[in-house]
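Just query-v7.csv here, CSV, C-alpha atoms:
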```
chain,number,residue,atom,x,y,z
A,572,MET,CA,-14.8,14.0,8.2
A,573,LYS,CA,-18.5,14.4,8.1
A,574,ALA,CA,-19.5,17.6,6.6
A,575,ASP,CA,-22.9,17.9,8.3
A,576,VAL,CA,-23.8,21.2,10.0
A,577,PRO,CA,-26.5,21.7,12.6
A,578,ARG,CA,-29.6,23.5,11.5
A,579,ALA,CA,-28.9,26.2,14.1
A,580,THR,CA,-25.9,27.4,12.0
A,581,THR,CA,-28.0,28.2,8.9
A,582,SER,CA,-28.6,31.7,10.1
A,583,LEU,CA,-24.9,31.8,11.3
A,584,GLU,CA,-23.9,31.2,7.7
A,585,GLN,CA,-26.0,34.1,6.5
A,586,ARG,CA,-24.6,36.4,9.2
A,587,PHE,CA,-21.1,35.3,8.4
A,588,ARG,CA,-21.6,36.0,4.7
A,589,THR,CA,-22.9,39.5,5.4
A,590,GLY,CA,-19.9,40.2,7.6
A,591,VAL,CA,-21.3,40.4,11.1
A,592,PRO,CA,-18.2,40.5,13.4
A,593,ALA,CA,-19.7,38.3,16.1
A,594,ALA,CA,-20.4,35.6,13.5
A,595,LEU,CA,-16.7,35.1,12.8
A,596,THR,CA,-16.1,34.3,16.4
A,597,GLU,CA,-19.0,31.8,16.4
A,598,VAL,CA,-17.7,30.2,13.1
A,599,ILE,CA,-14.3,29.8,14.6
A,600,ALA,CA,-15.7,28.4,17.8
A,601,ILE,CA,-17.7,25.8,15.9
A,602,HIS,CA,-15.3,24.9,13.1
A,603,GLN,CA,-11.8,25.4,14.6
A,604,PRO,CA,-11.5,21.7,15.8
A,605,LEU,CA,-12.2,20.5,12.2
A,606,VAL,CA,-9.9,23.0,10.5
A,607,SER,CA,-7.1,22.6,13.1
A,608,ARG,CA,-7.2,18.7,12.9
A,609,LEU,CA,-7.2,18.8,9.1
A,610,VAL,CA,-4.3,21.3,8.9
A,611,TYR,CA,-2.3,19.3,11.5
A,612,ARG,CA,-2.7,16.2,9.3
A,613,LEU,CA,-2.1,17.9,6.0
A,614,THR,CA,1.1,19.6,7.3
A,615,ALA,CA,2.5,16.2,8.2
A,616,TRP,CA,1.7,16.6,11.9
A,617,SER,CA,3.6,19.8,12.3
A,618,ARG,CA,2.5,21.7,15.5
A,619,THR,CA,4.4,24.9,14.7
A,620,ASP,CA,2.8,25.3,11.3
A,621,THR,CA,-0.7,24.4,12.4
A,622,GLU,CA,-1.4,27.5,14.4
A,623,ASP,CA,-0.3,29.9,11.7
A,624,ILE,CA,-2.1,28.0,8.9
A,625,VAL,CA,-5.4,27.8,10.9
A,626,GLN,CA,-5.3,31.6,11.3
A,627,GLU,CA,-4.5,31.9,7.6
A,628,VAL,CA,-7.5,29.7,6.7
A,629,PHE,CA,-9.9,31.9,8.7
A,630,VAL,CA,-8.4,35.0,7.1
A,631,ASN,CA,-9.0,33.6,3.7
A,632,ALA,CA,-12.5,32.5,4.7
A,633,LEU,CA,-13.2,36.1,5.9
A,634,ARG,CA,-11.9,37.6,2.7
A,635,SER,CA,-13.8,35.4,0.4
A,636,ARG,CA,-17.0,35.0,2.5
A,637,LYS,CA,-19.1,36.5,-0.2
A,638,THR,CA,-18.2,33.6,-2.6
A,639,PHE,CA,-19.8,31.2,-0.1
A,640,ASP,CA,-23.2,30.0,-1.3
A,641,ALA,CA,-25.7,27.7,0.3
A,642,ARG,CA,-25.1,24.9,-2.1
A,643,SER,CA,-22.5,23.4,0.3
A,644,SER,CA,-22.2,23.5,4.0
A,645,LEU,CA,-19.9,25.9,5.8
A,646,ALA,CA,-17.8,22.9,6.9
A,647,THR,CA,-17.3,21.7,3.3
A,648,TRP,CA,-16.5,25.2,2.2
A,649,LEU,CA,-13.9,25.6,5.0
A,650,THR,CA,-12.4,22.2,4.2
A,651,ARG,CA,-11.8,23.4,0.6
A,652,ILE,CA,-10.2,26.6,1.9
A,653,THR,CA,-8.1,24.6,4.3
A,654,ILE,CA,-6.8,22.3,1.6
A,655,ASN,CA,-6.1,25.2,-0.7
A,656,THR,CA,-4.3,27.2,2.0
A,657,CYS,CA,-2.2,24.1,2.9
A,658,CYS,CA,-1.2,23.8,-0.8
A,659,THR,CA,-0.3,27.5,-0.9
A,660,GLU,CA,1.8,27.2,2.2
A,661,ARG,CA,3.5,24.2,0.8
A,662,ARG,CA,4.4,26.1,-2.4
A,663,LYS,CA,5.7,29.0,-0.3
A,664,ARG,CA,7.9,26.6,1.6
A,665,LEU,CA,9.2,25.0,-1.6
A,666,LEU,CA,10.2,28.5,-2.8
A,667,ARG,CA,11.9,29.2,0.6
A,668,THR,CA,13.6,25.8,0.3
A,669,ARG,CA,15.0,26.8,-3.1
A,670,TYR,CA,16.4,30.2,-2.0
A,671,TRP,CA,17.1,29.8,1.7
A,672,LYS,CA,17.9,26.2,1.9
A,673,ARG,CA,20.1,26.5,4.9
A,674,LEU,CA,17.7,28.6,6.9
A,675,LEU,CA,14.8,26.2,6.1
A,676,THR,CA,16.9,23.1,7.1
A,677,SER,CA,17.2,24.6,10.6
A,678,GLN,CA,13.4,25.5,10.6
A,679,SER,CA,12.2,22.1,9.4
A,680,GLN,CA,14.0,20.5,12.2
A,681,SER,CA,12.0,22.6,14.6
A,682,ILE,CA,8.6,22.4,12.9
A,683,SER,CA,8.1,18.7,12.9
A,684,SER,CA,6.8,17.4,16.1
A,685,PRO,CA,9.2,14.8,17.5
A,686,PRO,CA,7.7,11.3,18.1
A,687,ALA,CA,7.1,10.4,21.6
A,688,ALA,CA,9.9,8.4,23.1
A,689,ASP,CA,7.6,5.6,24.3
A,690,LEU,CA,5.8,5.3,20.9
A,691,HIS,CA,5.6,1.8,19.4
A,692,GLU,CA,8.2,1.2,16.7
A,693,ASP,CA,5.7,0.2,14.1
A,694,ILE,CA,3.7,3.4,14.6
A,695,GLN,CA,6.8,5.5,14.5
A,696,GLN,CA,7.7,3.8,11.2
A,697,THR,CA,4.3,4.3,9.7
A,698,MET,CA,4.3,8.0,10.6
A,699,THR,CA,7.8,8.4,9.2
A,700,GLU,CA,6.7,6.8,5.9
A,701,LEU,CA,3.5,8.8,5.9
A,702,ARG,CA,5.5,12.0,6.2
A,703,ARG,CA,7.8,10.9,3.4
A,704,LEU,CA,4.9,10.6,0.9
A,705,PRO,CA,4.6,13.2,-1.7
A,706,ALA,CA,2.2,15.9,-0.5
A,707,THR,CA,-0.5,15.2,-3.1
A,708,TYR,CA,-0.5,11.5,-2.1
A,709,ARG,CA,-0.5,12.3,1.6
A,710,GLU,CA,-3.4,14.7,1.0
A,711,ALA,CA,-5.4,11.9,-0.6
A,712,VAL,CA,-4.5,9.4,2.2
A,713,VAL,CA,-5.4,11.9,5.0
A,714,LEU,CA,-8.8,12.7,3.5
A,715,ARG,CA,-9.7,9.1,2.7
A,716,TYR,CA,-8.4,7.2,5.7
A,717,LEU,CA,-8.1,9.7,8.5
A,718,GLU,CA,-10.9,12.1,7.6
A,719,GLU,CA,-12.9,9.1,6.3
A,720,MET,CA,-14.3,11.0,3.3
A,721,GLU,CA,-15.9,9.4,0.3
A,722,ILE,CA,-13.8,9.3,-2.9
A,723,ASP,CA,-16.4,11.4,-4.8
A,724,ASP,CA,-16.2,14.1,-2.1
A,725,ILE,CA,-12.4,14.0,-2.2
A,726,ALA,CA,-12.6,14.4,-6.0
A,727,ARG,CA,-14.9,17.4,-5.6
A,728,LEU,CA,-12.7,19.0,-3.0
A,729,LEU,CA,-9.4,18.5,-4.9
A,730,ASN,CA,-11.0,19.4,-8.2
A,731,LEU,CA,-10.0,16.0,-9.6
A,732,SER,CA,-11.8,13.2,-11.3
A,733,ARG,CA,-12.7,10.1,-9.3
A,734,PRO,CA,-10.2,7.9,-11.2
A,735,ALA,CA,-7.4,10.4,-10.5
A,736,VAL,CA,-8.2,10.2,-6.8
A,737,GLU,CA,-8.2,6.4,-6.9
A,738,VAL,CA,-4.9,6.4,-8.8
A,739,ARG,CA,-3.3,8.7,-6.1
A,740,LEU,CA,-4.6,6.4,-3.3
A,741,HIS,CA,-3.4,3.3,-5.1
A,742,ARG,CA,0.1,4.8,-5.6
A,743,ALA,CA,0.2,6.1,-2.0
A,744,ARG,CA,-0.8,2.6,-0.7
A,745,ALA,CA,1.8,1.0,-2.9
A,746,MET,CA,4.5,3.3,-1.7
A,747,LEU,CA,3.6,2.9,2.0
A,748,ARG,CA,3.4,-0.9,1.6
A,749,THR,CA,6.8,-1.1,-0.1
A,750,ALA,CA,8.4,1.2,2.5
A,751,LEU,CA,6.9,-0.6,5.5
A,752,LEU,CA,7.8,-4.0,4.2
A,753,LYS,CA,11.4,-2.9,3.5
A,754,GLY,CA,11.5,-1.6,7.1
A,755,ASP,CA,10.4,-5.0,8.4
B,1435,MET,CA,-0.4,-5.4,3.9
B,1436,ILE,CA,-4.1,-5.3,3.1
B,1437,GLN,CA,-6.0,-2.0,2.8
B,1438,HIS,CA,-7.8,-2.6,6.1
B,1439,ASP,CA,-4.5,-3.1,8.0
B,1440,LEU,CA,-3.1,0.0,6.5
B,1441,LYS,CA,-6.1,2.0,7.5
B,1442,ILE,CA,-5.7,0.8,11.1
B,1443,SER,CA,-2.0,1.5,11.1
B,1444,LEU,CA,-2.6,5.0,9.8
B,1445,LYS,CA,-5.3,5.7,12.4
B,1446,GLN,CA,-3.0,4.4,15.2
B,1447,ALA,CA,-0.1,6.5,14.0
B,1448,ASP,CA,-2.4,9.6,13.8
B,1449,ALA,CA,-3.8,9.0,17.2
B,1450,ALA,CA,-0.3,8.7,18.6
B,1451,PHE,CA,0.3,12.3,17.7
B,1452,SER,CA,-2.0,14.5,19.8
B,1453,ALA,CA,-3.5,17.4,18.1
B,1454,PRO,CA,-2.3,20.9,19.1
B,1455,PRO,CA,-4.4,22.7,21.6
B,1456,LEU,CA,-7.2,24.9,20.2
B,1457,GLN,CA,-6.9,28.6,20.3
B,1458,ASP,CA,-9.3,30.9,22.1
B,1459,PRO,CA,-12.0,31.7,19.5
B,1460,THR,CA,-12.3,35.3,20.5
B,1461,THR,CA,-8.6,35.9,20.4
B,1462,LEU,CA,-8.3,34.1,17.1
B,1463,ALA,CA,-11.2,36.0,15.6
B,1464,ARG,CA,-9.6,39.3,16.7
B,1465,ARG,CA,-6.3,38.3,15.2
B,1466,VAL,CA,-8.0,37.2,12.0
B,1467,GLN,CA,-9.9,40.5,11.7
B,1468,GLN,CA,-6.7,42.5,12.4
B,1469,THR,CA,-4.7,40.5,9.8
B,1470,SER,CA,-7.5,40.9,7.3
B,1471,ARG,CA,-7.7,44.7,7.9
B,1472,ASN,CA,-3.9,45.0,7.6
B,1473,ARG,CA,-3.8,43.2,4.3
B,1474,SER,CA,-6.7,45.3,3.0
B,1475,SER,CA,-4.7,48.5,3.9
B,1476,PHE,CA,-1.6,47.1,2.4
B,1477,ARG,CA,-3.4,46.3,-0.8
B,1478,ALA,CA,-5.0,49.7,-1.0
B,1479,LEU,CA,-1.6,51.3,-0.4
B,1480,ALA,CA,0.0,49.2,-3.0
B,1481,ALA,CA,-2.7,50.1,-5.5
B,1482,VAL,CA,-2.2,53.8,-4.8
B,1483,LEU,CA,1.6,53.5,-5.2
B,1484,ILE,CA,1.2,51.6,-8.4
B,1485,THR,CA,-1.2,54.2,-9.8
B,1486,VAL,CA,1.1,57.0,-8.8
B,1487,GLY,CA,4.0,55.2,-10.3
B,1488,ILE,CA,2.3,54.6,-13.6
B,1489,GLY,CA,1.0,58.2,-13.7
B,1490,THR,CA,4.5,59.6,-13.0
B,1491,LEU,CA,6.0,57.4,-15.7
B,1492,THR,CA,3.3,58.5,-18.2
B,1493,LEU,CA,3.7,62.2,-17.5
B,1494,HIS,CA,7.5,62.1,-17.8
B,1495,ARG,CA,7.4,60.1,-21.0
B,1496,PRO,CA,9.7,61.8,-23.6
B,1497,SER,CA,7.9,63.8,-26.3
B,1498,HIS,CA,8.1,63.2,-30.1
B,1499,LEU,CA,10.5,66.1,-30.4
B,1500,THR,CA,12.9,64.7,-27.9
B,1501,VAL,CA,12.6,61.3,-29.5
B,1502,SER,CA,13.5,62.8,-32.9
B,1503,THR,CA,16.6,64.6,-31.5
B,1504,ALA,CA,17.6,61.5,-29.8
B,1505,THR,CA,18.0,59.6,-33.1
B,1506,ASP,CA,21.2,58.1,-34.3
B,1507,PRO,CA,23.7,60.9,-35.3
B,1508,ARG,CA,25.0,58.6,-38.1
B,1509,ALA,CA,21.5,58.7,-39.7
B,1510,ASP,CA,21.5,62.5,-39.5
B,1511,LEU,CA,24.9,62.7,-41.1
B,1512,GLN,CA,23.8,60.4,-43.8
B,1513,ASN,CA,20.7,62.6,-44.5
B,1514,ILE,CA,22.9,65.7,-44.7
B,1515,ARG,CA,25.3,64.0,-47.1
B,1516,HIS,CA,22.4,63.0,-49.3
B,1517,GLU,CA,21.1,66.5,-49.3
B,1518,ILE,CA,24.5,67.9,-50.3
B,1519,ALA,CA,24.7,65.3,-53.1
B,1520,MET,CA,21.3,66.4,-54.4
B,1521,HIS,CA,22.4,70.1,-54.5
B,1522,GLU,CA,25.6,69.3,-56.2
B,1523,GLN,CA,23.7,67.3,-58.9
B,1524,THR,CA,21.3,70.3,-59.4
B,1525,THR,CA,24.3,72.7,-59.9
B,1526,ARG,CA,25.9,70.4,-62.4
B,1527,ASP,CA,22.6,70.1,-64.4
B,1528,LEU,CA,22.2,73.9,-64.4
B,1529,LEU,CA,25.8,74.4,-65.6
B,1530,GLN,CA,25.4,71.8,-68.3
B,1531,ALA,CA,22.2,73.3,-69.5
B,1532,GLU,CA,23.8,76.8,-69.7
B,1533,HIS,CA,26.8,75.4,-71.6
B,1534,LEU,CA,24.5,73.6,-74.1
B,1535,GLU,CA,22.6,76.7,-74.7
B,1536,HIS,CA,25.8,78.6,-75.4
B,1537,THR,CA,27.1,75.9,-77.7
B,1538,ALA,CA,23.8,75.7,-79.6
B,1539,GLY,CA,24.2,79.5,-80.5
B,1540,ARG,CA,27.7,78.9,-81.8
B,1541,ILE,CA,26.6,75.9,-83.9
B,1542,ALA,CA,23.9,78.0,-85.5
B,1543,ILE,CA,26.5,80.7,-86.6
B,1544,ALA,CA,28.8,78.0,-88.0
B,1545,ARG,CA,25.9,76.5,-90.0
B,1546,GLU,CA,25.0,79.9,-91.4
B,1547,LEU,CA,28.6,80.5,-92.5
B,1548,SER,CA,28.9,77.1,-94.2
B,1549,THR,CA,26.2,77.9,-96.8
B,1550,GLY,CA,27.1,79.6,-100.2
B,1551,ARG,CA,30.8,79.9,-99.6
B,1552,THR,CA,33.9,78.5,-101.3
B,1553,ALA,CA,35.2,75.0,-100.8
B,1554,ALA,CA,37.9,76.3,-98.4
B,1555,GLU,CA,35.3,78.3,-96.5
B,1556,ARG,CA,33.0,75.3,-96.3
B,1557,ALA,CA,35.8,73.0,-95.1
B,1558,ALA,CA,36.9,75.5,-92.5
B,1559,SER,CA,33.3,76.0,-91.5
B,1560,ALA,CA,32.9,72.2,-91.1
B,1561,LEU,CA,36.0,72.0,-88.9
B,1562,LEU,CA,34.7,75.0,-86.9
B,1563,TRP,CA,31.3,73.3,-86.6
B,1564,GLN,CA,33.1,70.2,-85.3
B,1565,ALA,CA,35.1,72.3,-82.8
B,1566,GLU,CA,31.9,74.0,-81.6
B,1567,HIS,CA,30.2,70.7,-81.4
B,1568,GLU,CA,33.0,69.1,-79.5
B,1569,SER,CA,33.3,72.0,-77.1
B,1570,LEU,CA,32.2,69.8,-74.2
B,1571,HIS,CA,35.7,68.2,-74.5
B,1572,PRO,CA,38.2,71.1,-74.2
B,1573,GLY,CA,41.2,69.1,-75.6
B,1574,GLN,CA,39.6,68.1,-78.8
B,1575,SER,CA,38.0,71.6,-79.3
B,1576,LEU,CA,41.4,73.2,-78.9
B,1577,ARG,CA,42.9,70.9,-81.5
B,1578,ALA,CA,40.0,71.5,-83.9
B,1579,TYR,CA,40.2,75.4,-83.6
B,1580,SER,CA,44.0,75.2,-84.2
B,1581,ASP,CA,43.4,73.1,-87.3
B,1582,VAL,CA,40.9,75.7,-88.7
B,1583,VAL,CA,43.5,78.4,-88.1
B,1584,HIS,CA,46.4,76.4,-89.5
B,1585,TYR,CA,44.7,75.0,-92.7
B,1586,PHE,CA,42.4,77.8,-93.5
B,1587,PRO,CA,44.0,80.9,-92.2
B,1588,ASP,CA,42.3,83.4,-94.6
B,1589,THR,CA,38.7,82.2,-94.0
B,1590,PHE,CA,36.0,83.8,-91.9
B,1591,SER,CA,35.9,80.6,-89.8
B,1592,ALA,CA,39.6,81.0,-89.0
B,1593,ASN,CA,38.9,84.4,-87.5
B,1594,ILE,CA,36.2,82.9,-85.3
B,1595,ALA,CA,38.5,80.0,-84.4
B,1596,ARG,CA,41.2,82.5,-83.3
B,1597,GLN,CA,38.7,84.3,-81.1
B,1598,ARG,CA,37.7,81.0,-79.5
B,1599,LEU,CA,41.4,80.0,-78.9
B,1600,GLN,CA,42.0,83.4,-77.3
B,1601,GLN,CA,39.0,82.9,-75.1
B,1602,LEU,CA,40.1,79.4,-74.2
B,1603,GLN,CA,43.5,80.6,-73.3
B,1604,LYS,CA,42.0,83.3,-71.0
B,1605,GLU,CA,39.9,80.7,-69.3
B,1606,GLY,CA,43.0,78.7,-68.8
```

The structure given in the file should be rewritten as structure tokens.
Amino acid sequence: MKADVPRATTSLEQRFRTGVPAALTEVIAIHQPLVSRLVYRLTAWSRTDTEDIVQEVFVNALRSRKTFDARSSLATWLTRITINTCCTERRKRLLRTRYWKRLLTSQSQSISSPPAADLHEDIQQTMTELRRLPATYREAVVLRYLEEMEIDDIARLLNLSRPAVEVRLHRARAMLRTALLKGD
Amino acid sequence: MIQHDLKISLKQADAAFSAPPLQDPTTLARRVQQTSRNRSSFRALAAVLITVGIGTLTLHRPSHLTVSTATDPRADLQNIRHEIAMHEQTTRDLLQAEHLEHTAGRIAIARELSTGRTAAERAASALLWQAEHESLHPGQSLRAYSDVVHYFPDTFSANIARQRLQQLQKEG
């Protein structure tokens, strides 16, 4: 993901920060594709969750709009909020899993998008293994390989050191490699 | 699998799953604002309820008097018993002091009698003094008074001893 924002949005950032209602609509119109795509990937390609979490991301952004400063772009700021919101939702789901395991089992079956019937077997397997990765590893993989972010940017967004991100990526690759080779 | 291949596989897998359709920005913005307003109202209401709750609890907190009456009854009973014991001890001390004063008077009389008398009178006086001195122990005093009367019946001390014996008999 490239976190570059057009110059025209500079005033939009200021208007959004001061709480102008029309600015929110504009921010959503510009950044919804980015947020939606990232949420979809971070929630392991779950269509049902994506819509709710996207709304939650913008609610959080609206609430904490005064903390936004011009040091980073609005896209970077929203990316950070998206990652944090996905983490929070994951924690909530873990709690739900613990206490309402049965209920969640039926939910989880409905939230994951089913793979297309005509999908190539290798792609299906890759996606299955990607979904099986621990959330922190999947997060690193999504940001690095699908959003094409630099390791330093990922480290800043996840509030980690560069070696920590590299370790996560290395382990994620190793796990995927082992799982895919076993599948072959 | 090398890193490049993995990246391509991941991208292919990601591309195979089409992203969900985007929502209408105006509708989404309205929903976001509504949710945000609802949450603010909820937070404000929760803050008011918590404040009222804390205030109610603080106002209805039991006073010091209530706390003191609510102490353990065993401790109260123990305090009362301790107080009773103290009063009993005071009474005993007062009685003892009165008795010693009374006895000291009698000893003084006996001493006076024992000076410048005959040998029998002195011996009787000595016995009487002993009886007076040992008056804290009624059994021994009784025996000493009886000895004075028995061995020295015609002495002045014997008269005093008889009076004491009569007095002791009256007291039972």

Check which residues of chain A sit at most 6 Å from chain B using all atoms listed in the file, and return one row each with the closest pair of atoms and their distance in Å to one decimal, ordered by chain and rising number, as a Markdown table.
```
| residue | atom | partner | partner_atom | distance |
| --- | --- | --- | --- | --- |
| A:Thr596 | CA | B:Ala1463 | CA | 5.2 |
| A:Ile599 | CA | B:Pro1459 | CA | 5.7 |
| A:Ala600 | CA | B:Pro1459 | CA | 5.2 |
| A:Val630 | CA | B:Val1466 | CA | 5.4 |
| A:Ile694 | CA | B:Ala1447 | CA | 4.9 |
| A:Met698 | CA | B:Ala1447 | CA | 5.8 |
| A:Tyr716 | CA | B:Lys1441 | CA | 6.0 |
```

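Closest to Arg661 in chain A among A:Phe587, A:Leu728, A:Leu704, A:Leu613 is A:Leu613, based on only C-alpha atoms.
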
Within 12 Å of Val713 in chain A, counting only C-alpha atoms, which residues show up once you throw out same-chain ones fewer than 4 positions away? Write them as a PyMOL selection string, please. (chain A and resi 572+608-616+654+698+701-702+704+706-709+717-722+725+739-740+743-744) or (chain B and resi 1441+1444-1445+1447-1448)

Go ahead and dump the residues you just picked, C-alpha atoms, as a PDB file, in the coordinates of the input.
```pdb
ATOM      1  CA  MET A 572     -14.800  14.000   8.200  1.00  0.00           C
ATOM      2  CA  ARG A 608      -7.200  18.700  12.900  1.00  0.00           C
ATOM      3  CA  LEU A 609      -7.200  18.800   9.100  1.00  0.00           C
ATOM      4  CA  VAL A 610      -4.300  21.300   8.900  1.00  0.00           C
ATOM      5  CA  TYR A 611      -2.300  19.300  11.500  1.00  0.00           C
ATOM      6  CA  ARG A 612      -2.700  16.200   9.300  1.00  0.00           C
ATOM      7  CA  LEU A 613      -2.100  17.900   6.000  1.00  0.00           C
ATOM      8  CA  THR A 614       1.100  19.600   7.300  1.00  0.00           C
ATOM      9  CA  ALA A 615       2.500  16.200   8.200  1.00  0.00           C
ATOM     10  CA  TRP A 616       1.700  16.600  11.900  1.00  0.00           C
ATOM     11  CA  ILE A 654      -6.800  22.300   1.600  1.00  0.00           C
ATOM     12  CA  MET A 698       4.300   8.000  10.600  1.00  0.00           C
ATOM     13  CA  LEU A 701       3.500   8.800   5.900  1.00  0.00           C
ATOM     14  CA  ARG A 702       5.500  12.000   6.200  1.00  0.00           C
ATOM     15  CA  LEU A 704       4.900  10.600   0.900  1.00  0.00           C
ATOM     16  CA  ALA A 706       2.200  15.900  -0.500  1.00  0.00           C
ATOM     17  CA  THR A 707      -0.500  15.200  -3.100  1.00  0.00           C
ATOM     18  CA  TYR A 708      -0.500  11.500  -2.100  1.00  0.00           C
ATOM     19  CA  ARG A 709      -0.500  12.300   1.600  1.00  0.00           C
ATOM     20  CA  LEU A 717      -8.100   9.700   8.500  1.00  0.00           C
ATOM     21  CA  GLU A 718     -10.900  12.100   7.600  1.00  0.00           C
ATOM     22  CA  GLU A 719     -12.900   9.100   6.300  1.00  0.00           C
ATOM     23  CA  MET A 720     -14.300  11.000   3.300  1.00  0.00           C
ATOM     24  CA  GLU A 721     -15.900   9.400   0.300  1.00  0.00           C
ATOM     25  CA  ILE A 722     -13.800   9.300  -2.900  1.00  0.00           C
ATOM     26  CA  ILE A 725     -12.400  14.000  -2.200  1.00  0.00           C
ATOM     27  CA  ARG A 739      -3.300   8.700  -6.100  1.00  0.00           C
ATOM     28  CA  LEU A 740      -4.600   6.400  -3.300  1.00  0.00           C
ATOM     29  CA  ALA A 743       0.200   6.100  -2.000  1.00  0.00           C
ATOM     30  CA  ARG A 744      -0.800   2.600  -0.700  1.00  0.00           C
TER      31      ARG A 744
ATOM     32  CA  LYS B1441      -6.100   2.000   7.500  1.00  0.00           C
ATOM     33  CA  LEU B1444      -2.600   5.000   9.800  1.00  0.00           C
ATOM     34  CA  LYS B1445      -5.300   5.700  12.400  1.00  0.00           C
ATOM     35  CA  ALA B1447      -0.100   6.500  14.000  1.00  0.00           C
ATOM     36  CA  ASP B1448      -2.400   9.600  13.800  1.00  0.00           C
TER      37      ASP B1448
END
```

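Taking CA of Glu1555 in chain B and CA of Gln1603 in chain B as endpoints, the distance between them is 24.7 Å.
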
All residues 10 Å or closer to Leu1602 in chain B, only C-alpha atoms, same chain fewer than 3 positions away omitted, as a PyMOL selection string: chain B and resi 1572+1575-1576+1596-1599+1605-1606

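CA of Thr659 in chain A sits 26.7 Å away from CA of Val1482 in chain B.
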
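For the pair CA of Leu1528 in chain B and CA of Gln1574 in chain B, the separation is 23.3 Å.
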
Find the spatial neighbours of Gly590 in chain A, counting all atoms listed in the file, within a cut-off of 9 Å - ignore same-chain residues fewer than 6 positions away - and output them as a VMD selection string. chain A and resid 633 636 to 637
